[in-house]
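Enquirer: I have a structure I would like to understand better, so I am pasting it below and will then ask my questions one at a time.
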Amino acid sequence: GGAAWGWPRSPGLWGLVNNAGVAIPTAPNEWLRKEDFVTVLNVNLVGLIEVTLSLLPLVKRARGRVVNVASVMGRLSGFGGGYCPSKFGVEAFSDSLRREMRPFGVKVSIIEPGGFRTGMTDSKAAAKELQRLWAQLPAETRESYGRRYLETYARRSVLLHRLSSPRLSRVTARMQHALLSRSPRSRYAAGWDALLFLLPLSYCPTWLCDALVAFLMPKPDCGTP
């Protein structure tokens with residue numbers, strides 16, 4: 001309507017980067033309620049979709065770029081909770097958006113980081129949340145997992161945080177390429193764990209993925225050998 005009245009046309013928006021994300025609560029799925037999943041999905045997936053749709057007309061006008069931060073866990077689900085489903089959703093939404101926007105000259109890229117040391121992966125907050133979830137579980141469920149499962153799960157969360165890379169420039173450099181390169185890629189992996197282990201593993205047969213993930217996870221007291 002504005003253009004019809006002779007108002008100046010907005011140049012649009014060249015680049016949109018969706019990077020907001022939360023991971024907590026992360027725990028075995030059986031320990032969680034629907035609300036725990038919704039908390040994560042609302043930020044990581046629904047919020048990303050809402051922001052993208054609201055700004056998409058401006059990006060189309062500029063024939064610009066959309067860069068969505070997913071995760072290598074959007075290719076290989078390694079633990080319970082809403083984080084992995086949300087990142088699988090980001091991958092799916094971004095794939096469909098990329099195909100739809102191509103005729104309009106809009107490029108859509110996905111960033112797939114491995115483990116990086118940010119506030120989202122704070123091991124103290126994760127351990128505190130695990131304790132809260134454990135305390136509200138029915139006695140039968142706690143007995144089936146055992147206290148040792150909880151303690152091992154918490155220790156491995158701390159180890160994962162320590163093994164995560166502090167070099168966030170490996171992620172931001174890929175964002176920069178996606179925004180400024182003449183020919184941006186559809187996907188960018190970031191981090192040694194993503195490039196050398198997790199992404200290759202995601203292409204392996206399911207039985208092999210299951211075996212390796214099971215090897216890394218703690219064993220419940222009442223589980224089968």
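The chains in the structure tokens are called A, B, ... from first to last as shown; in each chain the residues are counted from 1, and the ligands are counted from 1 in the order shown.
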Fewer than 2 positions away in the same chain doesn't count, so skip those; otherwise give me all residues within 10 Å of Pro28 (chain A), counting only C-alpha atoms, as an mmCIF file with C-alpha atoms, in the first residue's frame.
Expert:
```cif
data_model
loop_
_atom_site.group_PDB
_atom_site.id
_atom_site.type_symbol
_atom_site.label_atom_id
_atom_site.label_comp_id
_atom_site.auth_asym_id
_atom_site.auth_seq_id
_atom_site.Cartn_x
_atom_site.Cartn_y
_atom_site.Cartn_z
ATOM 1 C CA PRO A 25 16.027 -29.727 30.792
ATOM 2 C CA THR A 26 18.066 -32.539 29.239
ATOM 3 C CA GLU A 30 10.903 -40.892 30.847
ATOM 4 C CA TRP A 31 11.923 -38.387 33.502
ATOM 5 C CA LEU A 32 10.275 -35.487 31.689
ATOM 6 C CA PHE A 79 20.102 -37.801 24.501
ATOM 7 C CA GLY A 80 16.587 -37.211 25.744
ATOM 8 C CA GLY A 81 14.650 -34.004 26.141
ATOM 9 C CA LEU A 130 18.794 -33.440 36.864
ATOM 10 C CA LEU A 133 13.805 -34.150 37.951
ATOM 11 C CA LEU A 150 21.855 -40.384 37.958
ATOM 12 C CA TYR A 153 24.686 -39.147 33.835
#
```
Enquirer: Skip Val59 (chain A) itself and residues of its chain fewer than 4 positions away, then list as a list in words all residues within 6 Å of it, counting only C-alpha atoms.
Expert: Gly12, Leu13, Trp14, Arg63 and Gly64 of chain A
Enquirer: Write out as number ranges by chain each polymer residue whose atoms come within 8 Å of Pro184 (chain A), counting only C-alpha atoms; drop sequence neighbours fewer than 4 positions from it.
Expert: A: 107, 109, 177-180
Enquirer: Which residue, A:Gly82, A:Pro138, A:Pro218, A:Pro113, has the smallest gap to Asp193 (chain A) when you use only C-alpha atoms?
Expert: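 Closest to Asp193 (chain A), using only C-alpha atoms: A:Pro113.
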Enquirer: I'd like to know which residues of region 5-223 of chain A are alpha helix (DSSP H) (by DSSP, run on the backbone); could you write them as number ranges by chain?
Expert: A: 34-41, 47-62, 83-101, 123-135, 139-145, 147-163, 169-180, 192-193, 199-202, 206-216
Enquirer: Write the residues of the selection above to a file with C-alpha atoms, as a compact mmCIF listing (two decimals), in the first residue's frame.
Expert:
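result11.txt, written as the output of this step:
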```
# COMPACT_ATOMS: atom_id res chain seq x y z
CA LYS A 34 5.27 -32.49 28.17
CA GLU A 35 5.93 -29.04 29.63
CA ASP A 36 9.67 -29.79 29.79
CA PHE A 37 9.70 -30.45 26.04
CA VAL A 38 7.56 -27.40 25.29
CA THR A 39 9.97 -25.12 27.18
CA VAL A 40 12.80 -26.05 24.82
CA LEU A 41 10.75 -26.35 21.63
CA GLY A 47 10.54 -19.02 18.23
CA LEU A 48 12.88 -19.46 15.29
CA ILE A 49 9.95 -20.05 12.95
CA GLU A 50 8.06 -17.04 14.32
CA VAL A 51 11.02 -14.68 13.89
CA THR A 52 11.74 -16.00 10.40
CA LEU A 53 8.18 -15.64 9.17
CA SER A 54 7.85 -12.14 10.59
CA LEU A 55 11.00 -10.90 8.82
CA LEU A 56 10.80 -12.98 5.65
CA PRO A 57 9.10 -10.27 3.54
CA LEU A 58 12.04 -7.94 4.24
CA VAL A 59 14.59 -10.64 3.40
CA LYS A 60 12.76 -11.40 0.15
CA ARG A 61 12.81 -7.74 -0.78
CA ALA A 62 16.61 -7.66 -0.37
CA TYR A 83 16.82 -30.23 22.41
CA CYS A 84 17.36 -32.91 19.76
CA PRO A 85 13.74 -32.87 18.49
CA SER A 86 13.92 -29.07 18.26
CA LYS A 87 17.09 -29.20 16.19
CA PHE A 88 15.69 -31.90 13.89
CA GLY A 89 12.78 -29.49 13.44
CA VAL A 90 15.12 -26.61 12.59
CA GLU A 91 16.74 -28.79 9.93
CA ALA A 92 13.37 -29.70 8.41
CA PHE A 93 12.02 -26.13 8.47
CA SER A 94 15.23 -24.76 6.97
CA ASP A 95 15.29 -27.37 4.20
CA SER A 96 11.74 -26.57 3.11
CA LEU A 97 12.34 -22.81 3.40
CA ARG A 98 15.54 -23.04 1.31
CA ARG A 99 13.68 -24.78 -1.52
CA GLU A 100 10.75 -22.35 -1.37
CA MET A 101 12.93 -19.23 -1.29
CA SER A 123 27.19 -28.34 33.59
CA LYS A 124 26.23 -26.92 37.00
CA ALA A 125 22.80 -25.85 35.78
CA ALA A 126 22.32 -29.20 34.03
CA ALA A 127 23.26 -31.14 37.19
CA LYS A 128 20.90 -29.05 39.32
CA GLU A 129 18.04 -29.71 36.89
CA LEU A 130 18.79 -33.44 36.86
CA GLN A 131 18.53 -33.52 40.65
CA ARG A 132 15.18 -31.72 40.51
CA LEU A 133 13.81 -34.15 37.95
CA TRP A 134 15.10 -37.14 39.89
CA ALA A 135 13.42 -35.94 43.08
CA ALA A 139 9.78 -44.41 43.44
CA GLU A 140 9.34 -47.25 40.92
CA THR A 141 11.03 -45.23 38.18
CA ARG A 142 13.93 -44.22 40.42
CA GLU A 143 14.41 -47.85 41.43
CA SER A 144 14.48 -49.01 37.80
CA TYR A 145 17.31 -46.58 36.94
CA ARG A 147 21.10 -43.76 41.94
CA ARG A 148 24.28 -44.75 40.10
CA TYR A 149 22.59 -43.92 36.77
CA LEU A 150 21.86 -40.38 37.96
CA GLU A 151 25.39 -39.85 39.23
CA THR A 152 27.00 -41.22 36.05
CA TYR A 153 24.69 -39.15 33.83
CA ALA A 154 25.66 -36.00 35.76
CA ARG A 155 29.39 -36.79 35.58
CA ARG A 156 29.24 -37.35 31.84
CA SER A 157 27.43 -34.03 31.39
CA VAL A 158 30.36 -32.34 33.17
CA LEU A 159 32.85 -34.22 30.98
CA LEU A 160 30.97 -33.21 27.83
CA HIS A 161 31.15 -29.56 28.91
CA ARG A 162 34.91 -29.82 29.52
CA LEU A 163 35.50 -31.46 26.14
CA SER A 169 34.94 -18.25 16.22
CA ARG A 170 34.62 -21.60 14.46
CA VAL A 171 30.86 -21.07 14.49
CA THR A 172 30.80 -17.33 13.82
CA ALA A 173 33.16 -17.72 10.85
CA ARG A 174 30.65 -20.05 9.23
CA MET A 175 27.86 -17.57 9.93
CA GLN A 176 29.95 -14.88 8.23
CA HIS A 177 30.52 -17.07 5.18
CA ALA A 178 26.81 -17.88 4.94
CA LEU A 179 25.95 -14.17 5.05
CA LEU A 180 28.66 -12.72 2.81
CA TRP A 192 36.07 -31.34 15.43
CA ASP A 193 33.50 -33.63 17.08
CA LEU A 199 28.25 -36.30 11.31
CA PRO A 200 29.94 -39.41 9.86
CA LEU A 201 28.18 -41.49 12.51
CA SER A 202 24.81 -40.08 11.44
CA THR A 206 21.05 -47.43 12.81
CA TRP A 207 22.30 -50.47 14.73
CA LEU A 208 25.80 -49.01 14.81
CA CYS A 209 24.58 -45.59 15.98
CA ASP A 210 22.51 -47.25 18.69
CA ALA A 211 25.44 -49.36 19.87
CA LEU A 212 27.83 -46.40 20.13
CA VAL A 213 25.34 -44.14 21.88
CA ALA A 214 24.44 -46.96 24.30
CA PHE A 215 28.15 -47.45 25.04
CA LEU A 216 28.45 -43.80 26.06
```
Enquirer: Have a look at A:Ser71, A:Asn18, A:Ser181, A:Thr118 and name the one nearest to Leu198 (chain A); count only C-alpha atoms.
Expert: A:Ser71
Enquirer: Skip Val66 (chain A) itself and residues of its chain fewer than 3 positions away, then list as a ChimeraX atom specification all residues within 6 Å of it, counting only C-alpha atoms.
Expert: /A:15-16,108
Enquirer: Could you pull out the strand (DSSP E) residues of region 43-98 of chain A, going by DSSP on the backbone, and write them as a ChimeraX atom specification?
Expert: /A:65-69
Enquirer: Determine, counting only C-alpha atoms, which protein, DNA and RNA residues have an atom within 7 Å of an atom of Val22 (chain A); residues of the same chain fewer than 4 positions away are not included. Present the result as a PDB file with N, CA and C atoms, in the first residue's frame.
Expert:
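Result file follows (around-v2.pdb):
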```
ATOM      1  N   VAL A  40      11.679 -26.084  25.762  1.00  0.00           N
ATOM      2  CA  VAL A  40      12.799 -26.048  24.824  1.00  0.00           C
ATOM      3  C   VAL A  40      12.316 -25.806  23.395  1.00  0.00           C
ATOM      4  N   VAL A  43      11.512 -22.117  22.350  1.00  0.00           N
ATOM      5  CA  VAL A  43      12.651 -21.241  22.049  1.00  0.00           C
ATOM      6  C   VAL A  43      13.363 -21.687  20.780  1.00  0.00           C
ATOM      7  N   ASN A  44      13.742 -22.963  20.738  1.00  0.00           N
ATOM      8  CA  ASN A  44      14.634 -23.449  19.677  1.00  0.00           C
ATOM      9  C   ASN A  44      13.966 -23.601  18.321  1.00  0.00           C
ATOM     10  N   MET A 120      24.666 -22.207  27.476  1.00  0.00           N
ATOM     11  CA  MET A 120      23.650 -23.228  27.229  1.00  0.00           C
ATOM     12  C   MET A 120      24.095 -24.612  27.701  1.00  0.00           C
TER      13      MET A 120
END
```
Enquirer: Near Ala189 (chain A), counting only C-alpha atoms, which residues have an atom at most 8 Å away, once you skip same-chain residues fewer than 6 positions from it, shown as a VMD selection string?
Expert: chain A and resid 72 111 to 114 195
Enquirer: Could you please determine the separation between CA of Phe197 (chain A) and CA of Arg182 (chain A) in Å, to one decimal place?
Expert: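 So the answer is 29.3 Å.
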